[in-house]
Amino acid sequence: MKVSVYCLVYNHEKYLKTALQGFVSQKTNFDYEVFVHDDASTDGSKLIVEEYAWQYPQIIKPIYQQENQYSKGVSIFTTFILPKMSGEYVAVCEGDDCWTDSLKLQRQVDFLDGHPDYVACVHNTMKKDMRTNRESEMFEEWQDKDILFADVIRGHEYSYHLSSLMYRIQYAYQKKPHFFDTAKKAGVGDLPLAIFLTLSGKVRFLNYNMSLYRIGTEHSWTKRLLLDMNQTAYMCECLADMLDEVNCYTEHRYDKALKTEILKRRYDALFFSEKYEKLYNKPYRSIFYSNPFSYRIKIYIKQNFNGLYHYYRKIVYGRKN
């Protein structure tokens, strides 16, 4: 087995067939397997997985849960999926995203086979905002290049999306630093993995657009953040703490870049906590005034007409806070 793929599914009925079709449509000169983990979905996701597992038994390897494991804090990948994997490489795609190029796996395997000094390979992705149906390429002007640590710590908007990742399986087995646990509190798994991989070796970006990232699907992490400002603020604080731990883990080799990102995350936490008065003061003042005038006006409106602003958000977005 050359590649082991995993797909996390929870109530992805609306998008799941597209994801599964992307898996079984891959054209390769090697064998690959796809572990589809359904975390006790309450919609028709399990039936769709069963259908594809019956049609493609050599590719689709289902794992079903009777009770939701994510809500229990269980590490689904390391507990249920990784022990079953036999591939040389690991690839990822969640059930509400999909692969859009039948040569995706082949291109990435060809690169990693030919470049043993690289730990991972990623590629360009199309993103789709589910509120507006607008689609755009994540990285419109990029060419093939190496992904740097400074890119990764800024988030996937500056490096790559999880649906594009393929990495050597030995890095899945390695003991992970403590900053993984801190990120888990925020419900984030892709960022600490991206950081860990770039610290472990070189990561190559291929300028092929081979996956689709849907932003704001039902039950998604991004949707939950849109609905709950307090949760978003908590996530930002956890990510700031995580980056602080990364700084210690790297013995401050990237001190300046990390401190810049830590400050931005704490600024965002204050913003989503609606502690606007602190944004004007040090050490956040420079970030506030680096934003356009329209942004500063928006903050003024939020600070002084908060009730009307929240009413508007509720009407337009259906948000709770």
# chains A, B, ... in the order shown; residues from 1 in each chain; ligands from 1

call {"tool": "residues_around", "arguments": {"residues": "Leu165 in chain A", "least_positions_apart": "5", "cutoff": "9 Å", "atoms": "only C-alpha atoms", "output": "PDB file with all heavy atoms, in the first residue's frame"}}
result
ATOM      1  N   VAL A  90       0.616   9.568   4.037  1.00  0.00           N
ATOM      2  CA  VAL A  90      -0.716   9.885   4.559  1.00  0.00           C
ATOM      3  C   VAL A  90      -1.269  11.068   3.782  1.00  0.00           C
ATOM      4  O   VAL A  90      -0.572  12.067   3.568  1.00  0.00           O
ATOM      5  CB  VAL A  90      -0.656  10.242   6.061  1.00  0.00           C
ATOM      6  CG1 VAL A  90      -2.047  10.630   6.572  1.00  0.00           C
ATOM      7  CG2 VAL A  90      -0.095   9.091   6.870  1.00  0.00           C
ATOM      8  N   ALA A  91      -2.527  10.972   3.354  1.00  0.00           N
ATOM      9  CA  ALA A  91      -3.225  12.092   2.732  1.00  0.00           C
ATOM     10  C   ALA A  91      -4.542  12.311   3.468  1.00  0.00           C
ATOM     11  O   ALA A  91      -5.067  11.388   4.114  1.00  0.00           O
ATOM     12  CB  ALA A  91      -3.479  11.833   1.249  1.00  0.00           C
ATOM     13  N   VAL A  92      -5.090  13.520   3.358  1.00  0.00           N
ATOM     14  CA  VAL A  92      -6.231  13.918   4.175  1.00  0.00           C
ATOM     15  C   VAL A  92      -7.279  14.631   3.328  1.00  0.00           C
ATOM     16  O   VAL A  92      -6.939  15.406   2.434  1.00  0.00           O
ATOM     17  CB  VAL A  92      -5.792  14.892   5.301  1.00  0.00           C
ATOM     18  CG1 VAL A  92      -6.901  15.029   6.346  1.00  0.00           C
ATOM     19  CG2 VAL A  92      -4.486  14.472   5.935  1.00  0.00           C
ATOM     20  N   CYS A  93      -8.552  14.381   3.640  1.00  0.00           N
ATOM     21  CA  CYS A  93      -9.638  15.200   3.093  1.00  0.00           C
ATOM     22  C   CYS A  93     -10.867  14.959   3.947  1.00  0.00           C
ATOM     23  O   CYS A  93     -11.303  13.814   4.111  1.00  0.00           O
ATOM     24  CB  CYS A  93      -9.927  14.847   1.635  1.00  0.00           C
ATOM     25  SG  CYS A  93     -11.176  15.916   0.867  1.00  0.00           S
ATOM     26  N   ALA A 120       6.861  16.454   3.237  1.00  0.00           N
ATOM     27  CA  ALA A 120       5.464  16.592   2.847  1.00  0.00           C
ATOM     28  C   ALA A 120       5.346  17.350   1.534  1.00  0.00           C
ATOM     29  O   ALA A 120       6.286  18.032   1.093  1.00  0.00           O
ATOM     30  CB  ALA A 120       4.672  17.318   3.931  1.00  0.00           C
ATOM     31  N   CYS A 121       4.170  17.230   0.935  1.00  0.00           N
ATOM     32  CA  CYS A 121       3.877  17.894  -0.327  1.00  0.00           C
ATOM     33  C   CYS A 121       2.434  18.393  -0.274  1.00  0.00           C
ATOM     34  O   CYS A 121       1.535  17.669   0.172  1.00  0.00           O
ATOM     35  CB  CYS A 121       4.072  16.904  -1.470  1.00  0.00           C
ATOM     36  SG  CYS A 121       3.676  17.547  -3.098  1.00  0.00           S
ATOM     37  N   VAL A 122       2.199  19.635  -0.722  1.00  0.00           N
ATOM     38  CA  VAL A 122       0.863  20.225  -0.719  1.00  0.00           C
ATOM     39  C   VAL A 122       0.600  20.858  -2.091  1.00  0.00           C
ATOM     40  O   VAL A 122       1.472  20.870  -2.949  1.00  0.00           O
ATOM     41  CB  VAL A 122       0.722  21.279   0.400  1.00  0.00           C
ATOM     42  CG1 VAL A 122       0.912  20.641   1.764  1.00  0.00           C
ATOM     43  CG2 VAL A 122       1.723  22.417   0.212  1.00  0.00           C
ATOM     44  N   HIS A 123      -0.596  21.389  -2.272  1.00  0.00           N
ATOM     45  CA  HIS A 123      -0.924  21.986  -3.566  1.00  0.00           C
ATOM     46  C   HIS A 123      -1.985  23.068  -3.410  1.00  0.00           C
ATOM     47  O   HIS A 123      -2.521  23.298  -2.314  1.00  0.00           O
ATOM     48  CB  HIS A 123      -1.399  20.908  -4.548  1.00  0.00           C
ATOM     49  CG  HIS A 123      -2.580  20.112  -4.069  1.00  0.00           C
ATOM     50  ND1 HIS A 123      -3.857  20.611  -4.004  1.00  0.00           N
ATOM     51  CD2 HIS A 123      -2.656  18.825  -3.626  1.00  0.00           C
ATOM     52  CE1 HIS A 123      -4.676  19.686  -3.561  1.00  0.00           C
ATOM     53  NE2 HIS A 123      -3.972  18.593  -3.307  1.00  0.00           N
ATOM     54  N   TYR A 160      -1.252  26.488   3.091  1.00  0.00           N
ATOM     55  CA  TYR A 160      -1.985  25.468   2.340  1.00  0.00           C
ATOM     56  C   TYR A 160      -3.191  25.008   3.147  1.00  0.00           C
ATOM     57  O   TYR A 160      -3.259  25.195   4.363  1.00  0.00           O
ATOM     58  CB  TYR A 160      -1.097  24.273   2.004  1.00  0.00           C
ATOM     59  CG  TYR A 160      -0.534  23.536   3.208  1.00  0.00           C
ATOM     60  CD1 TYR A 160      -1.238  22.504   3.827  1.00  0.00           C
ATOM     61  CD2 TYR A 160       0.730  23.847   3.723  1.00  0.00           C
ATOM     62  CE1 TYR A 160      -0.725  21.831   4.913  1.00  0.00           C
ATOM     63  CE2 TYR A 160       1.261  23.163   4.806  1.00  0.00           C
ATOM     64  CZ  TYR A 160       0.521  22.155   5.395  1.00  0.00           C
ATOM     65  OH  TYR A 160       1.036  21.482   6.482  1.00  0.00           O
TER      66      TYR A 160
END

call {"tool": "residues_around", "arguments": {"residues": "range 289-301 of chain A", "least_positions_apart": "2", "cutoff": "10 Å", "atoms": "only C-alpha atoms", "output": "ChimeraX atom specification"}}
result
/A:271,274,276-277,279-280,284-287,303-306,308-309

call {"tool": "residues_around", "arguments": {"residues": "range 128-134 of chain A", "least_positions_apart": "4", "cutoff": "7 Å", "atoms": "only C-alpha atoms", "output": "JSON, numbers by chain"}}
result
{"A": [213, 214, 215, 216, 217]}

call {"tool": "write_last_selection", "arguments": {"atoms": "N, CA, C and O atoms", "output": "mmCIF file, in the first residue's frame"}}
result
data_model
loop_
_atom_site.group_PDB
_atom_site.id
_atom_site.type_symbol
_atom_site.label_atom_id
_atom_site.label_comp_id
_atom_site.auth_asym_id
_atom_site.auth_seq_id
_atom_site.Cartn_x
_atom_site.Cartn_y
_atom_site.Cartn_z
ATOM 1 N N TYR A 213 -12.213 23.459 -0.925
ATOM 2 C CA TYR A 213 -12.435 23.721 0.497
ATOM 3 C C TYR A 213 -13.717 24.528 0.632
ATOM 4 O O TYR A 213 -13.808 25.646 0.147
ATOM 5 N N ARG A 214 -14.716 23.946 1.277
ATOM 6 C CA ARG A 214 -15.991 24.625 1.492
ATOM 7 C C ARG A 214 -15.963 25.337 2.841
ATOM 8 O O ARG A 214 -15.752 24.706 3.875
ATOM 9 N N ILE A 215 -16.202 26.637 2.822
ATOM 10 C CA ILE A 215 -16.159 27.452 4.036
ATOM 11 C C ILE A 215 -17.571 27.653 4.565
ATOM 12 O O ILE A 215 -18.448 28.134 3.853
ATOM 13 N N GLY A 216 -17.794 27.266 5.823
ATOM 14 C CA GLY A 216 -19.071 27.543 6.461
ATOM 15 C C GLY A 216 -20.147 26.524 6.198
ATOM 16 O O GLY A 216 -21.343 26.857 6.218
ATOM 17 N N THR A 217 -19.776 25.241 5.985
ATOM 18 C CA THR A 217 -20.789 24.207 5.829
ATOM 19 C C THR A 217 -21.441 23.901 7.178
ATOM 20 O O THR A 217 -20.895 24.199 8.236
#

call {"tool": "closest_residue", "arguments": {"among": "A:Ala183, A:Met229, A:Met138, A:Ile76", "to": "Asp244 in chain A", "atoms": "only C-alpha atoms"}}
result
A:Ala183

call {"tool": "residues_around", "arguments": {"residues": "range 187-204 of chain A", "least_positions_apart": "2", "cutoff": "6 Å", "atoms": "only C-alpha atoms", "output": "PyMOL selection string"}}
result
chain A and resi 118-121+145-147+149+180+183-185

call {"tool": "select_by_dssp", "arguments": {"residues": "range 124-279 of chain A", "states": "strand (DSSP E)", "output": "number ranges by chain"}}
result
A: 124-129, 134-137, 145-147, 166-168, 202-215

call {"tool": "decode", "arguments": {"residues": "range 260-296 of chain A", "atoms": "N, CA, C and O atoms", "output": "compact mmCIF listing (two decimals), in the first residue's frame"}}
result
# COMPACT_ATOMS: atom_id res chain seq x y z
N THR A 260 5.08 38.19 16.78
CA THR A 260 4.17 38.98 15.94
C THR A 260 2.83 38.28 15.81
O THR A 260 1.77 38.90 15.94
N GLU A 261 2.85 36.96 15.55
CA GLU A 261 1.61 36.21 15.39
C GLU A 261 0.87 36.05 16.71
O GLU A 261 -0.37 36.08 16.74
N ILE A 262 1.60 35.88 17.80
CA ILE A 262 0.96 35.78 19.12
C ILE A 262 0.20 37.06 19.43
O ILE A 262 -0.95 37.02 19.91
N LEU A 263 0.81 38.19 19.15
CA LEU A 263 0.15 39.48 19.40
C LEU A 263 -1.12 39.61 18.55
O LEU A 263 -2.16 40.08 19.05
N LYS A 264 -1.06 39.17 17.32
CA LYS A 264 -2.24 39.24 16.45
C LYS A 264 -3.37 38.36 16.97
O LYS A 264 -4.54 38.75 16.94
N ARG A 265 -3.03 37.18 17.45
CA ARG A 265 -4.06 36.27 17.98
C ARG A 265 -4.70 36.84 19.24
O ARG A 265 -5.92 36.74 19.43
N ARG A 266 -3.89 37.46 20.09
CA ARG A 266 -4.46 38.05 21.31
C ARG A 266 -5.29 39.28 20.97
O ARG A 266 -6.31 39.56 21.62
N TYR A 267 -4.88 40.01 19.96
CA TYR A 267 -5.68 41.14 19.47
C TYR A 267 -7.04 40.62 19.00
O TYR A 267 -8.08 41.20 19.34
N ASP A 268 -7.04 39.55 18.22
CA ASP A 268 -8.29 38.98 17.72
C ASP A 268 -9.18 38.51 18.87
O ASP A 268 -10.41 38.65 18.82
N ALA A 269 -8.56 37.95 19.91
CA ALA A 269 -9.33 37.50 21.06
C ALA A 269 -10.05 38.68 21.73
O ALA A 269 -11.22 38.57 22.12
N LEU A 270 -9.36 39.80 21.86
CA LEU A 270 -9.99 41.00 22.41
C LEU A 270 -11.11 41.51 21.51
O LEU A 270 -12.18 41.91 21.99
N PHE A 271 -10.88 41.45 20.21
CA PHE A 271 -11.88 41.91 19.24
C PHE A 271 -13.16 41.08 19.37
O PHE A 271 -14.27 41.63 19.48
N PHE A 272 -13.03 39.76 19.37
CA PHE A 272 -14.20 38.90 19.42
C PHE A 272 -14.84 38.88 20.81
O PHE A 272 -16.02 38.52 20.95
N SER A 273 -14.07 39.27 21.83
CA SER A 273 -14.64 39.42 23.18
C SER A 273 -15.29 40.78 23.36
O SER A 273 -15.83 41.07 24.43
N GLU A 274 -15.20 41.61 22.33
CA GLU A 274 -15.78 42.96 22.32
C GLU A 274 -15.15 43.87 23.37
O GLU A 274 -15.80 44.78 23.89
N LYS A 275 -13.87 43.66 23.64
CA LYS A 275 -13.13 44.54 24.54
C LYS A 275 -12.40 45.59 23.69
O LYS A 275 -11.18 45.68 23.66
N TYR A 276 -13.21 46.38 23.01
CA TYR A 276 -12.68 47.29 21.98
C TYR A 276 -11.76 48.37 22.54
O TYR A 276 -10.84 48.81 21.87
N GLU A 277 -12.03 48.79 23.78
CA GLU A 277 -11.22 49.86 24.35
C GLU A 277 -9.76 49.47 24.48
O GLU A 277 -8.87 50.32 24.44
N LYS A 278 -9.47 48.16 24.61
CA LYS A 278 -8.09 47.71 24.75
C LYS A 278 -7.35 47.69 23.41
O LYS A 278 -6.12 47.65 23.39
N LEU A 279 -8.09 47.73 22.32
CA LEU A 279 -7.45 47.68 21.00
C LEU A 279 -6.68 48.95 20.69
O LEU A 279 -5.76 48.93 19.86
N TYR A 280 -7.07 50.04 21.33
CA TYR A 280 -6.41 51.33 21.07
C TYR A 280 -5.08 51.46 21.79
O TYR A 280 -4.28 52.34 21.49
N ASN A 281 -4.85 50.61 22.79
CA ASN A 281 -3.71 50.77 23.68
C ASN A 281 -2.58 49.80 23.34
O ASN A 281 -2.76 48.81 22.62
N LYS A 282 -1.40 50.09 23.87
CA LYS A 282 -0.27 49.20 23.69
C LYS A 282 -0.56 47.88 24.39
O LYS A 282 -1.21 47.87 25.44
N PRO A 283 -0.09 46.75 23.85
CA PRO A 283 0.76 46.63 22.66
C PRO A 283 -0.02 46.47 21.35
O PRO A 283 0.56 46.15 20.32
N TYR A 284 -1.35 46.69 21.41
CA TYR A 284 -2.20 46.39 20.25
C TYR A 284 -2.44 47.60 19.36
O TYR A 284 -3.00 47.47 18.27
N ARG A 285 -2.03 48.76 19.82
CA ARG A 285 -2.34 50.00 19.11
C ARG A 285 -1.85 49.99 17.65
O ARG A 285 -2.57 50.42 16.75
N SER A 286 -0.66 49.47 17.42
CA SER A 286 -0.10 49.47 16.07
C SER A 286 -0.93 48.59 15.13
O SER A 286 -1.09 48.91 13.94
N ILE A 287 -1.45 47.49 15.65
CA ILE A 287 -2.30 46.61 14.83
C ILE A 287 -3.59 47.32 14.47
O ILE A 287 -4.05 47.30 13.31
N PHE A 288 -4.19 47.98 15.45
CA PHE A 288 -5.46 48.67 15.22
C PHE A 288 -5.32 49.72 14.12
O PHE A 288 -6.11 49.78 13.18
N TYR A 289 -4.28 50.54 14.21
CA TYR A 289 -4.12 51.64 13.25
C TYR A 289 -3.53 51.20 11.91
O TYR A 289 -3.50 51.98 10.96
N SER A 290 -3.11 49.93 11.84
CA SER A 290 -2.67 49.42 10.54
C SER A 290 -3.84 49.01 9.67
O SER A 290 -3.69 48.79 8.46
N ASN A 291 -5.02 48.92 10.27
CA ASN A 291 -6.23 48.57 9.53
C ASN A 291 -6.79 49.79 8.81
O ASN A 291 -6.57 50.93 9.24
N PRO A 292 -7.56 49.59 7.74
CA PRO A 292 -8.12 50.72 7.00
C PRO A 292 -9.11 51.52 7.83
O PRO A 292 -9.64 51.05 8.85
N PHE A 293 -9.39 52.72 7.38
CA PHE A 293 -10.29 53.62 8.10
C PHE A 293 -11.68 53.00 8.26
O PHE A 293 -12.33 53.18 9.30
N SER A 294 -12.13 52.28 7.26
CA SER A 294 -13.46 51.66 7.32
C SER A 294 -13.55 50.67 8.48
O SER A 294 -14.59 50.56 9.14
N TYR A 295 -12.45 49.95 8.73
CA TYR A 295 -12.41 49.02 9.86
C TYR A 295 -12.53 49.76 11.18
O TYR A 295 -13.27 49.35 12.07
N ARG A 296 -11.81 50.87 11.30
CA ARG A 296 -11.83 51.63 12.55
C ARG A 296 -13.21 52.24 12.80
O ARG A 296 -13.68 52.32 13.94
